[in-house]
Amino acid sequence: MYNFNYKKASSRDDAVAAQSSADDGSYLAGGMTLIPTLKQRLAQPSDLIDLADVGDLAGISDDGGAITIGAMTTHATVAESEVVTSKIPALAALAGHIGDPQVRNRGTIGGSIANNDPAADYPAGCVGLNATIITNKRELPAEDFFTDLFETALEEGELVTAVSFPIPDKAAYAKFPNPASRYAIVGVMVAQTGGETRAAVTGASQSGVFRAADIEAALGSGLDAAAAKEVKVSADNLNADIHASAEYRAHLISIMASRAAAAAG
Amino acid sequence: MEMSGEYRIEASREKVWDALNDPEILKQAIPGCEEIDRLSDTEMTAKVVAKVGPVKASFTGEVTLSDLDPPNSYRISGEGKGGAAGFAKGGANVQLEADGGATVLKYDVDATVGGKLAQLGARLIDGTAKKMANDFFSNFAEIVSEGPAAEAEAAPAAEAAPAATPTTGLATGPKIDTGTWIVGLIVAAVVVLALIGG
């Protein structure tokens with residue numbers, strides 16, 4: 001690890017001010033990706049601005065038609081939340097299967113989506129459930145937030161403050177995890193909200209999360225699991241590695257979508 | 001890792017060739033490139049700051065050219081070192097083809113990653129390398145079609161009197177070409193990117 005200045009922010013404004021006055025400041029949320037990166041000496045920020053003490057960034061609220069989750073809320077908190085488990089059980093289940101218990105007790109929703117790892121679970125949850133990402137400057141739909149591999153619409157210094165999930169009529173997340181890391185080899189969130197059917201896929205594409213239009217068409221308004229299973233997904237631009245070829249991932253997209261649709265029922 | 005691709009650049013082969021031999025243009029086109037040093041006609045180094053997700057690392061890629069058949073094709077090989085973390089090396093066969101007023105560049109890359117890198121980062125290598133290549137080509141195409149757009153009016157005159165154009169000489173020599181830089185970049189990028197895999 002290289003040396004850096006450590007600053008524990010006391011409020012959102014304090015954090016944003018510290019970031020903008022630093023040469024090359026980085027926000028620290030749960031640190032599940034950033035800290036290992038620093039330990040490998042693969043990044044050298046001048047300042048780390050720790051968000052742990054910014055109290056109003058964590059917490060879950062039920063706004064009637066939607067659930068808003070603060071950026072610093074951990075995966076374990078989301079998984080165990082009564083509000084989430086009763087209103088959007090698919091999201092609670094997704095959070096409960098991220099990484100291992102250590103990761104779930106440190107990692108946060110804001111950190112996960114700001115990082116936009118192409119195999120992370122939350123991007124699929126956000127896009128599939130048509131969430132709104134709230135930052136210190138604006139609100140934008142999840143589909144516009146995730147732009148490419150490890151890239152988001154966040155500007156320099158912009159801070160994710162919360163994510164708002166509309167409560168779906170039906171939803172389920174199915175993941176084929178890497179057995180070691182629990183990252184998604186392929187994960188699909190299938191959701192139906194106000195008559196719209198969505199299937200958001202993570203883990204498969206080289207550009208990160210995406211909506212599978214042909215799967216969505218096959219699922220239709222009835223979430224037809226059998227029809228989704230029959231869809232032949234193209235392997236173009238899908239990831240290939242020692243765990244799974246692009247063709248295998250393409251196959252898994254149909255299977256996971258079908259399983260999610262059956263579970264959402 | 002294996003990867004191949006094809007890019008169409010809306011400029012004549014001569015114009016592309018010249019631009020590819022202009023270190024300033026390459027420096028602008030390679031994402032995060034800070035320095036390019038040409039050691040000889042067939043060897044160079046590039047210093048690149050790669051930023052992908054949380055990773056921001058500075059590294060040096062070394063590239064050499066072989067099997068030169070100017071201006072049609074060549075073999076390029078590169079090596080990137082990530083210190084104790086491991087290494088990546090590889091090569092590519094690159095072809096330049098004229099297509100009407102445009103140029104089509106085709107490449108075939110094979111690379112191997114070893115050491116700790118290979119253990120940690122396999123899942124991200126392909127995607128990241130492709131993304132870097134895409135970023136490079138879109139930047140490059142923009143610069144080539146824009147920069148020379150200012151010159152475009154003058155270009156016909158220059159073609160009529162080639163001897164007056166100082167860059168013409170470059171087009172005929174066995175110079176280092178796009179693929180070189182890209183592969184060097186990709187290979188070096190692989191080193192860095194492989195590390196994020198954990």
# chains A, B, ... in the order shown; residues from 1 in each chain; ligands from 1

$ interface_residues --of "chain A" --to "chain B" --cutoff "8 Å" --atoms "only C-alpha atoms" --output "PyMOL selection string"
chain A and resi 33-34+37+42-44+115-117+149-151+181+206-207+239-243

$ residues_around --residues "Lys137 of chain A" --least-positions-apart "3" --cutoff "8 Å" --atoms "only C-alpha atoms" --output "PyMOL selection string"
chain A and resi 134+158-159

$ select_by_dssp --residues "segment 129-223 of chain A" --states "alpha helix (DSSP H)" --output "list in words"
Ala142, Glu143, Asp144, Phe145, Ala213, Asp214, Ile215, Glu216, Ala217, Ala218 and Leu219 of chain A

$ residues_around --residues "segment 82-93 of chain A" --least-positions-apart "3" --cutoff "8 Å" --atoms "only C-alpha atoms" --output "list in words"
Ile60, Ser61, Asp62, Ile67, Val78, Ala79, Gly96, His97, Gly125, Ile167, Pro168, Ala171, Ala172 and Tyr173 of chain A

$ write_last_selection --atoms "N, CA and C atoms" --output "mmCIF file, in the first residue's frame"
data_model
loop_
_atom_site.group_PDB
_atom_site.id
_atom_site.type_symbol
_atom_site.label_atom_id
_atom_site.label_comp_id
_atom_site.auth_asym_id
_atom_site.auth_seq_id
_atom_site.Cartn_x
_atom_site.Cartn_y
_atom_site.Cartn_z
ATOM 1 N N ILE A 60 -32.836 2.343 5.340
ATOM 2 C CA ILE A 60 -33.828 1.903 4.359
ATOM 3 C C ILE A 60 -35.167 2.531 4.711
ATOM 4 N N SER A 61 -35.827 3.148 3.731
ATOM 5 C CA SER A 61 -37.143 3.719 4.027
ATOM 6 C C SER A 61 -38.177 3.274 3.002
ATOM 7 N N ASP A 62 -39.385 3.100 3.498
ATOM 8 C CA ASP A 62 -40.501 2.675 2.658
ATOM 9 C C ASP A 62 -41.297 3.919 2.288
ATOM 10 N N ILE A 67 -39.009 1.702 -2.391
ATOM 11 C CA ILE A 67 -38.137 1.569 -1.220
ATOM 12 C C ILE A 67 -36.844 2.303 -1.545
ATOM 13 N N VAL A 78 -29.564 -4.998 3.910
ATOM 14 C CA VAL A 78 -30.618 -5.111 2.892
ATOM 15 C C VAL A 78 -31.224 -6.515 2.937
ATOM 16 N N ALA A 79 -30.364 -7.532 3.057
ATOM 17 C CA ALA A 79 -30.839 -8.920 3.041
ATOM 18 C C ALA A 79 -31.772 -9.215 4.216
ATOM 19 N N GLY A 96 -28.464 -11.005 -0.197
ATOM 20 C CA GLY A 96 -28.055 -12.080 0.705
ATOM 21 C C GLY A 96 -27.126 -13.099 0.076
ATOM 22 N N HIS A 97 -26.944 -13.009 -1.237
ATOM 23 C CA HIS A 97 -26.044 -13.954 -1.914
ATOM 24 C C HIS A 97 -24.844 -13.275 -2.555
ATOM 25 N N GLY A 125 -29.847 -5.907 -10.380
ATOM 26 C CA GLY A 125 -30.993 -5.582 -9.537
ATOM 27 C C GLY A 125 -31.537 -4.199 -9.848
ATOM 28 N N ILE A 167 -41.613 -0.657 -6.168
ATOM 29 C CA ILE A 167 -42.005 -2.009 -5.762
ATOM 30 C C ILE A 167 -42.632 -2.736 -6.953
ATOM 31 N N PRO A 168 -42.026 -3.869 -7.352
ATOM 32 C CA PRO A 168 -42.519 -4.573 -8.542
ATOM 33 C C PRO A 168 -43.756 -5.419 -8.221
ATOM 34 N N ALA A 171 -41.039 -10.283 -9.090
ATOM 35 C CA ALA A 171 -39.611 -10.202 -9.411
ATOM 36 C C ALA A 171 -38.866 -11.365 -8.781
ATOM 37 N N ALA A 172 -37.797 -11.783 -9.443
ATOM 38 C CA ALA A 172 -36.886 -12.775 -8.862
ATOM 39 C C ALA A 172 -35.532 -12.645 -9.540
ATOM 40 N N TYR A 173 -34.501 -12.993 -8.772
ATOM 41 C CA TYR A 173 -33.129 -12.946 -9.292
ATOM 42 C C TYR A 173 -32.565 -14.356 -9.257
#

$ residues_around --residues "Phe4 of chain A" --least-positions-apart "5" --cutoff "9 Å" --atoms "only C-alpha atoms" --output "list in words"
Gln44, Pro45, Ser46, Asp47 and Leu48 of chain A

$ write_last_selection --atoms "N, CA and C atoms" --output "compact mmCIF listing (two decimals), in the first residue's frame"
# COMPACT_ATOMS: atom_id res chain seq x y z
N GLN A 44 -3.19 4.74 -6.41
CA GLN A 44 -2.47 5.59 -5.48
C GLN A 44 -3.20 6.91 -5.30
N PRO A 45 -4.39 6.87 -4.69
CA PRO A 45 -5.09 8.13 -4.47
C PRO A 45 -4.35 8.97 -3.43
N SER A 46 -4.42 10.29 -3.57
CA SER A 46 -3.74 11.15 -2.61
C SER A 46 -4.50 11.16 -1.29
N ASP A 47 -5.83 11.04 -1.37
CA ASP A 47 -6.68 11.11 -0.17
C ASP A 47 -7.78 10.06 -0.23
N LEU A 48 -8.06 9.46 0.92
CA LEU A 48 -9.24 8.60 1.03
C LEU A 48 -10.25 9.32 1.92

$ closest_residue --among "B:Gly5, B:Gly78, B:Gly61, B:Pro31" --to "Asn139 of chain B" --atoms "only C-alpha atoms"
B:Pro31

$ residues_around --residues "Val16 of chain B" --least-positions-apart "6" --cutoff "8 Å" --atoms "only C-alpha atoms" --output "list of chain:residue names"
B:Ile9, B:Thr103, B:Val144

$ write_last_selection --atoms "N, CA and C atoms" --output "short mmCIF file (atom, residue, chain, number, x, y, z; two decimals), in the first residue's frame"
data_model
loop_
_atom_site.label_atom_id
_atom_site.label_comp_id
_atom_site.auth_asym_id
_atom_site.auth_seq_id
_atom_site.Cartn_x
_atom_site.Cartn_y
_atom_site.Cartn_z
N ILE B 9 -11.47 2.95 -40.95
CA ILE B 9 -11.13 4.33 -40.64
C ILE B 9 -11.35 5.15 -41.90
N THR B 103 -9.73 3.06 -45.00
CA THR B 103 -8.74 2.04 -44.71
C THR B 103 -9.33 1.06 -43.70
N VAL B 144 -8.09 11.50 -36.66
CA VAL B 144 -7.68 11.44 -38.06
C VAL B 144 -8.72 12.10 -38.96
#

$ atom_distance --atom1 "atom CA of Ala58 of chain A" --atom2 "atom CA of Ala71 of chain A"
6.1 Å

$ closest_residue --among "B:Ala111, B:Ala46, B:Ala102, B:Ala92" --to "Ala11 of chain B" --atoms "only C-alpha atoms"
B:Ala102

$ residues_around --residues "segment 33-35 of chain B" --least-positions-apart "4" --cutoff "9 Å" --atoms "only C-alpha atoms" --output "ChimeraX atom specification"
/B:23,26-29,45-50

$ atom_distance --atom1 "atom CA of Leu154 of chain A" --atom2 "atom CA of Gln102 of chain A"
27.2 Å

$ residues_around --residues "Gly25 of chain A" --least-positions-apart "2" --cutoff "10 Å" --atoms "only C-alpha atoms" --output "count of residues only"
21

$ atom_distance --atom1 "atom CA of Ser234 of chain A" --atom2 "atom CA of Pro123 of chain A"
21.0 Å

$ select_by_dssp --residues "segment 6-156 of chain A" --states "strand (DSSP E or B)" --output "PyMOL selection string"
chain A and resi 6-8+25-28+47-50+60-62+66-70+74+108+132-135+139-141+146-148+151-152

$ write_last_selection --atoms "N, CA and C atoms" --output "tab-separated table (two decimals), in the first residue's frame"
chain	number	residue	atom	x	y	z
A	6	TYR	N	-5.85	10.29	5.13
A	6	TYR	CA	-7.13	9.69	5.50
A	6	TYR	C	-8.02	10.75	6.13
A	7	LYS	N	-9.24	10.84	5.64
A	7	LYS	CA	-10.18	11.84	6.16
A	7	LYS	C	-11.51	11.16	6.43
A	8	LYS	N	-12.01	11.27	7.62
A	8	LYS	CA	-13.31	10.71	7.93
A	8	LYS	C	-14.35	11.83	7.82
A	25	GLY	N	-8.55	12.56	-4.90
A	25	GLY	CA	-9.25	11.97	-3.77
A	25	GLY	C	-10.19	10.86	-4.19
A	26	SER	N	-10.35	9.87	-3.33
A	26	SER	CA	-11.26	8.77	-3.62
A	26	SER	C	-12.18	8.55	-2.43
A	27	TYR	N	-13.48	8.38	-2.69
A	27	TYR	CA	-14.40	8.06	-1.61
A	27	TYR	C	-14.18	6.61	-1.20
A	28	LEU	N	-14.31	6.35	0.10
A	28	LEU	CA	-14.21	4.98	0.61
A	28	LEU	C	-15.56	4.60	1.20
A	47	ASP	N	-5.83	11.04	-1.37
A	47	ASP	CA	-6.68	11.11	-0.17
A	47	ASP	C	-7.78	10.06	-0.23
A	48	LEU	N	-8.06	9.46	0.92
A	48	LEU	CA	-9.24	8.60	1.03
A	48	LEU	C	-10.25	9.32	1.92
A	49	ILE	N	-11.45	9.47	1.41
A	49	ILE	CA	-12.49	10.14	2.19
A	49	ILE	C	-13.49	9.09	2.64
A	50	ASP	N	-13.40	8.73	3.91
A	50	ASP	CA	-14.20	7.64	4.46
A	50	ASP	C	-15.63	8.13	4.74
A	60	ILE	N	-32.84	2.34	5.34
A	60	ILE	CA	-33.83	1.90	4.36
A	60	ILE	C	-35.17	2.53	4.71
A	61	SER	N	-35.83	3.15	3.73
A	61	SER	CA	-37.14	3.72	4.03
A	61	SER	C	-38.18	3.27	3.00
A	62	ASP	N	-39.39	3.10	3.50
A	62	ASP	CA	-40.50	2.68	2.66
A	62	ASP	C	-41.30	3.92	2.29
A	66	ALA	N	-42.29	2.88	-3.39
A	66	ALA	CA	-40.88	2.56	-3.62
A	66	ALA	C	-40.15	2.40	-2.31
A	67	ILE	N	-39.01	1.70	-2.39
A	67	ILE	CA	-38.14	1.57	-1.22
A	67	ILE	C	-36.84	2.30	-1.54
A	68	THR	N	-36.42	3.18	-0.63
A	68	THR	CA	-35.18	3.91	-0.86
A	68	THR	C	-34.12	3.38	0.09
A	69	ILE	N	-32.98	3.02	-0.49
A	69	ILE	CA	-31.88	2.44	0.29
A	69	ILE	C	-30.70	3.40	0.23
A	70	GLY	N	-30.23	3.82	1.40
A	70	GLY	CA	-29.09	4.73	1.46
A	70	GLY	C	-27.84	4.06	0.92
A	74	THR	N	-25.30	-1.69	4.09
A	74	THR	CA	-24.57	-2.91	3.72
A	74	THR	C	-25.51	-3.95	3.11
A	108	THR	N	-21.21	-2.14	0.51
A	108	THR	CA	-22.41	-1.30	0.47
A	108	THR	C	-23.00	-1.24	-0.94
A	132	THR	N	-33.99	4.11	-9.50
A	132	THR	CA	-33.47	5.44	-9.75
A	132	THR	C	-32.25	5.64	-8.86
A	133	ILE	N	-31.13	6.05	-9.47
A	133	ILE	CA	-29.91	6.29	-8.71
A	133	ILE	C	-29.90	7.76	-8.31
A	134	ILE	N	-29.74	7.99	-7.02
A	134	ILE	CA	-29.77	9.37	-6.51
A	134	ILE	C	-28.35	9.77	-6.09
A	135	THR	N	-27.87	10.89	-6.61
A	135	THR	CA	-26.55	11.38	-6.23
A	135	THR	C	-26.69	12.73	-5.54
A	139	GLU	N	-30.81	12.87	-10.08
A	139	GLU	CA	-31.38	11.53	-10.05
A	139	GLU	C	-31.38	11.01	-11.48
A	140	LEU	N	-30.99	9.76	-11.65
A	140	LEU	CA	-31.06	9.23	-13.01
A	140	LEU	C	-31.44	7.77	-13.01
A	141	PRO	N	-32.10	7.31	-14.10
A	141	PRO	CA	-32.51	5.91	-14.18
A	141	PRO	C	-31.28	5.00	-14.23
A	146	PHE	N	-25.37	3.04	-15.53
A	146	PHE	CA	-24.32	2.07	-15.85
A	146	PHE	C	-23.96	2.21	-17.33
A	147	THR	N	-22.75	2.70	-17.61
A	147	THR	CA	-22.45	3.03	-19.00
A	147	THR	C	-21.55	2.01	-19.70
A	148	ASP	N	-20.61	1.40	-18.97
A	148	ASP	CA	-19.71	0.45	-19.62
A	148	ASP	C	-18.95	-0.30	-18.52
A	151	GLU	N	-17.60	1.53	-15.68
A	151	GLU	CA	-17.85	2.95	-15.90
A	151	GLU	C	-19.31	3.29	-15.63
A	152	THR	N	-19.49	4.45	-15.00
A	152	THR	CA	-20.84	4.93	-14.72
A	152	THR	C	-20.96	6.37	-15.19
